[in-house]
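Read the structure below first, then the notes.
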Amino acid sequence: MGSLESLMDQAPDLIMVYGTRVVLAIVIFIIGRWLAKTVAKAVTGILTKREMDKTVVGFMANMVSAVITAFTLIAVLGQLGVQTASLVAVLGAAGLAVGLALQGSLSNFASGVLLVMFRPCKAGDYVEAAGVAGTVEEISIFSTTLVTPDNKRIVAPNSAVMNGVIINYSAKGQRRVDMVIGVSYDADLRHTREVIMNLVAGHEKVLKDPAPVVEVSELANSSVNFVVRPWVKTEDFWAVRFDLMRDIKLTLDQEGIGIPYPQMDLHVKALPEQQG
């Protein structure tokens, strides 16, 4: 009974002490969360004004928010009486164990940091990476999201993207359209070249500089092959390629210039009549 009465006598003091700690811990948590959101928003605003890539902006804002949140949680635990020094040591040991168990995830994280820092590609670029091709939609901490031309969403690990070859078709403002056009050996090569060159140079989306190239590249088995190489803006690549392939065929037909295609001659040999 005596211990119970003693505890009841100390209850107001205990409530005052621990209640104050809990209230302060809640206040610290609220302030920390507010600070994390405010600083992340400020970082986003500053980097956006400097015209940084939105992938970099989002990545940095998330990192800042995560760091402030981590410090806030440590401060809250310290206010509640938890020995944070021991906690940090335990978390460090646990982090090492988790790190060994999650080497792949850590590799993806490190690759994500490198992708953001060195920027071999960014959101909106059309790339080939990790064995797939598509437009980069997002580079997150662990993965890169691509959208294919037929609107498939592909999520590739950052390590697979960073450790492989990245072909970025959007890095430059111009691209060369490479086509091979075969014509008959009976065709007048000078006239054929002139016809194709006039057609290519007259396309409104073909650039004047660098100048387009139309030259004989090969005397093949059944055709004389021309390489046709106009330069275009990157966003006009497919439109120009489709236009020229169609228009070259129609124009060559109009000019009476033959385009050879595989043919097979079948010779039937009469068999001698069977002897009766």
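Residues in the structure tokens are numbered from 1 in each chain, the chains being A, B, ... in the order shown, and ligands are numbered from 1 in the order shown.
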(Q) as number ranges by chain, please: every residue in stretch 55-188 of chain A that DSSP puts in strand (DSSP E). (A) A: 126-129, 132-139, 143-147, 153-157, 167-168, 174-176, 179-183
Q | A:Val43 environment, 12 Å, only C-alpha atoms, sequence neighbours closer than 4 positions dropped, as a list in words | A | Leu35, Ala36, Lys37, Thr38, Val39, Leu47, Thr48, Lys49, Arg50, Met52, Lys54, Val56, Val57, Gly58, Phe59, Met60, Ala61, Asn62, Met63, Val64 and Ser65 of chain A
Q: For stretch 133-146 of chain A, please output as a list in words all residues within 7 Å (counting only C-alpha atoms; exclusion window: fewer than 2 positions along the same chain).
A: Thr55, Phe59, Ser105, Asn108, Phe109, Gly112, Lys122, Ala123, Gly124, Asp125, Tyr126, Val127, Glu128, Ala129, Thr148, Pro149, Arg153, Ile154, Val155, Ala156, Pro157 and Asn158 of chain A
Q. Got a sec: who's within 10 Å of stretch 220-226 of chain A, counting only C-alpha atoms, leaving out chain neighbours fewer than 5 positions off, as number ranges by chain?
A. A: 179-187, 189, 192-193, 196, 213-215, 258-263
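If you count only C-alpha atoms and ignore residues fewer than 5 places along the chain from A:Thr251, what sits within 12 Å of it is A:Thr192, A:Glu194, A:Val195, A:Ile196, A:Met197, A:Asn198, A:Leu199, A:Val200, A:Asp243, A:Leu244, A:Met245, A:Arg246, A:Gly256, A:Ile257, A:Gly258, A:Ile259.
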How would the residues just chosen look if you wrote them out with C-alpha atoms as a PDB file, in the first residue's frame?
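For reference, out07.pdb as written:
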```pdb
ATOM      1  CA  THR A 192      18.646   9.239-110.925  1.00  0.00           C
ATOM      2  CA  GLU A 194      19.559  14.418-109.662  1.00  0.00           C
ATOM      3  CA  VAL A 195      15.957  13.278-109.221  1.00  0.00           C
ATOM      4  CA  ILE A 196      16.556  12.006-105.685  1.00  0.00           C
ATOM      5  CA  MET A 197      18.646  15.026-104.692  1.00  0.00           C
ATOM      6  CA  ASN A 198      16.015  17.493-105.911  1.00  0.00           C
ATOM      7  CA  LEU A 199      13.342  15.604-104.005  1.00  0.00           C
ATOM      8  CA  VAL A 200      15.370  15.487-100.770  1.00  0.00           C
ATOM      9  CA  ASP A 243       7.797  11.221 -96.374  1.00  0.00           C
ATOM     10  CA  LEU A 244      10.973  10.602 -98.348  1.00  0.00           C
ATOM     11  CA  MET A 245      10.549   6.836 -98.614  1.00  0.00           C
ATOM     12  CA  ARG A 246       7.073   7.335-100.061  1.00  0.00           C
ATOM     13  CA  GLY A 256      10.503   5.483-115.377  1.00  0.00           C
ATOM     14  CA  ILE A 257      13.423   4.493-113.128  1.00  0.00           C
ATOM     15  CA  GLY A 258      13.058   0.884-112.096  1.00  0.00           C
ATOM     16  CA  ILE A 259      13.519  -0.382-108.549  1.00  0.00           C
TER      17      ILE A 259
END
```
Let's see if you can do this: from backbone DSSP, list all alpha helix (DSSP H) residues in stretch 112-255 of chain A, as a tab-separated table (two decimals) with N, CA and C atoms, in the first residue's frame.
```tsv
chain	number	residue	atom	x	y	z
A	112	GLY	N	21.67	5.75	-59.50
A	112	GLY	CA	20.74	6.86	-59.63
A	112	GLY	C	21.40	8.19	-59.36
A	113	VAL	N	22.28	8.22	-58.34
A	113	VAL	CA	23.02	9.45	-58.04
A	113	VAL	C	23.92	9.83	-59.22
A	114	LEU	N	24.59	8.84	-59.81
A	114	LEU	CA	25.47	9.11	-60.95
A	114	LEU	C	24.68	9.59	-62.16
A	115	LEU	N	23.50	8.99	-62.38
A	115	LEU	CA	22.67	9.42	-63.50
A	115	LEU	C	22.25	10.88	-63.35
A	116	VAL	N	21.94	11.27	-62.11
A	116	VAL	CA	21.52	12.65	-61.86
A	116	VAL	C	22.71	13.60	-61.97
A	117	MET	N	23.87	13.17	-61.50
A	117	MET	CA	25.05	14.04	-61.51
A	117	MET	C	25.60	14.25	-62.92
A	118	PHE	N	25.80	13.15	-63.66
A	118	PHE	CA	26.45	13.24	-64.96
A	118	PHE	C	25.46	13.40	-66.11
A	158	ASN	N	18.39	1.25	-62.09
A	158	ASN	CA	19.39	2.25	-62.43
A	158	ASN	C	20.75	1.63	-62.72
A	159	SER	N	21.09	0.56	-62.00
A	159	SER	CA	22.39	-0.07	-62.23
A	159	SER	C	22.48	-0.64	-63.65
A	160	ALA	N	21.38	-1.21	-64.15
A	160	ALA	CA	21.38	-1.75	-65.51
A	160	ALA	C	21.53	-0.64	-66.54
A	161	VAL	N	20.95	0.52	-66.24
A	161	VAL	CA	21.05	1.67	-67.15
A	161	VAL	C	22.46	2.25	-67.14
A	162	MET	N	22.99	2.46	-65.94
A	162	MET	CA	24.28	3.13	-65.81
A	162	MET	C	25.44	2.24	-66.23
A	189	LEU	N	22.44	6.86	-114.02
A	189	LEU	CA	22.82	7.18	-112.64
A	189	LEU	C	22.83	8.68	-112.38
A	190	ARG	N	23.31	9.46	-113.36
A	190	ARG	CA	23.35	10.92	-113.15
A	190	ARG	C	21.93	11.48	-113.01
A	191	HIS	N	21.05	11.03	-113.87
A	191	HIS	CA	19.66	11.50	-113.80
A	191	HIS	C	18.98	11.02	-112.52
A	192	THR	N	19.25	9.78	-112.15
A	192	THR	CA	18.65	9.24	-110.92
A	192	THR	C	19.10	10.03	-109.71
A	193	ARG	N	20.40	10.30	-109.64
A	193	ARG	CA	20.92	11.07	-108.50
A	193	ARG	C	20.30	12.46	-108.45
A	194	GLU	N	20.15	13.08	-109.60
A	194	GLU	CA	19.56	14.42	-109.66
A	194	GLU	C	18.10	14.41	-109.19
A	195	VAL	N	17.37	13.39	-109.62
A	195	VAL	CA	15.96	13.28	-109.22
A	195	VAL	C	15.84	13.14	-107.71
A	196	ILE	N	16.63	12.24	-107.14
A	196	ILE	CA	16.56	12.01	-105.68
A	196	ILE	C	17.03	13.23	-104.92
A	197	MET	N	18.12	13.85	-105.39
A	197	MET	CA	18.65	15.03	-104.69
A	197	MET	C	17.65	16.18	-104.70
A	198	ASN	N	17.01	16.41	-105.84
A	198	ASN	CA	16.01	17.49	-105.91
A	198	ASN	C	14.85	17.22	-104.97
A	199	LEU	N	14.46	15.96	-104.89
A	199	LEU	CA	13.34	15.60	-104.00
A	199	LEU	C	13.72	15.81	-102.54
A	200	VAL	N	14.92	15.37	-102.16
A	200	VAL	CA	15.37	15.49	-100.77
A	200	VAL	C	15.57	16.95	-100.40
A	201	ALA	N	16.29	17.69	-101.23
A	201	ALA	CA	16.59	19.09	-100.92
A	201	ALA	C	15.34	19.95	-100.90
A	237	PHE	N	12.61	13.50	-87.31
A	237	PHE	CA	13.29	12.35	-87.91
A	237	PHE	C	12.32	11.41	-88.61
A	238	TRP	N	11.34	10.88	-87.88
A	238	TRP	CA	10.46	9.87	-88.45
A	238	TRP	C	9.54	10.45	-89.51
A	239	ALA	N	9.07	11.66	-89.31
A	239	ALA	CA	8.18	12.28	-90.30
A	239	ALA	C	8.90	12.43	-91.64
A	240	VAL	N	10.15	12.89	-91.61
A	240	VAL	CA	10.91	13.08	-92.85
A	240	VAL	C	11.23	11.73	-93.49
A	241	ARG	N	11.62	10.77	-92.68
A	241	ARG	CA	11.95	9.44	-93.23
A	241	ARG	C	10.74	8.83	-93.95
A	242	PHE	N	9.57	8.89	-93.31
A	242	PHE	CA	8.38	8.33	-93.94
A	242	PHE	C	8.03	9.08	-95.23
A	243	ASP	N	8.11	10.41	-95.19
A	243	ASP	CA	7.80	11.22	-96.37
A	243	ASP	C	8.72	10.88	-97.54
A	244	LEU	N	10.02	10.82	-97.27
A	244	LEU	CA	10.97	10.60	-98.35
A	244	LEU	C	10.87	9.19	-98.93
A	245	MET	N	10.68	8.19	-98.10
A	245	MET	CA	10.55	6.84	-98.61
A	245	MET	C	9.36	6.73	-99.57
A	246	ARG	N	8.26	7.36	-99.19
A	246	ARG	CA	7.07	7.33	-100.06
A	246	ARG	C	7.30	8.14	-101.34
A	247	ASP	N	7.80	9.37	-101.18
A	247	ASP	CA	7.94	10.27	-102.33
A	247	ASP	C	9.02	9.80	-103.30
A	248	ILE	N	10.09	9.17	-102.80
A	248	ILE	CA	11.13	8.67	-103.70
A	248	ILE	C	10.57	7.57	-104.58
A	249	LYS	N	9.81	6.67	-104.00
A	249	LYS	CA	9.21	5.58	-104.79
A	249	LYS	C	8.27	6.14	-105.85
A	250	LEU	N	7.40	7.07	-105.48
A	250	LEU	CA	6.45	7.64	-106.44
A	250	LEU	C	7.17	8.41	-107.54
A	251	THR	N	8.20	9.15	-107.18
A	251	THR	CA	8.92	9.96	-108.17
A	251	THR	C	9.72	9.08	-109.13
A	252	LEU	N	10.37	8.06	-108.61
A	252	LEU	CA	11.11	7.16	-109.49
A	252	LEU	C	10.18	6.45	-110.47
A	253	ASP	N	8.98	6.10	-110.00
A	253	ASP	CA	8.00	5.49	-110.89
A	253	ASP	C	7.61	6.46	-112.01
A	254	GLN	N	7.40	7.72	-111.65
A	254	GLN	CA	7.03	8.73	-112.65
A	254	GLN	C	8.13	8.95	-113.67
```
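If you look at atom CA of A:Val132 and atom CA of A:Pro120, they are 15.7 Å away from each other.
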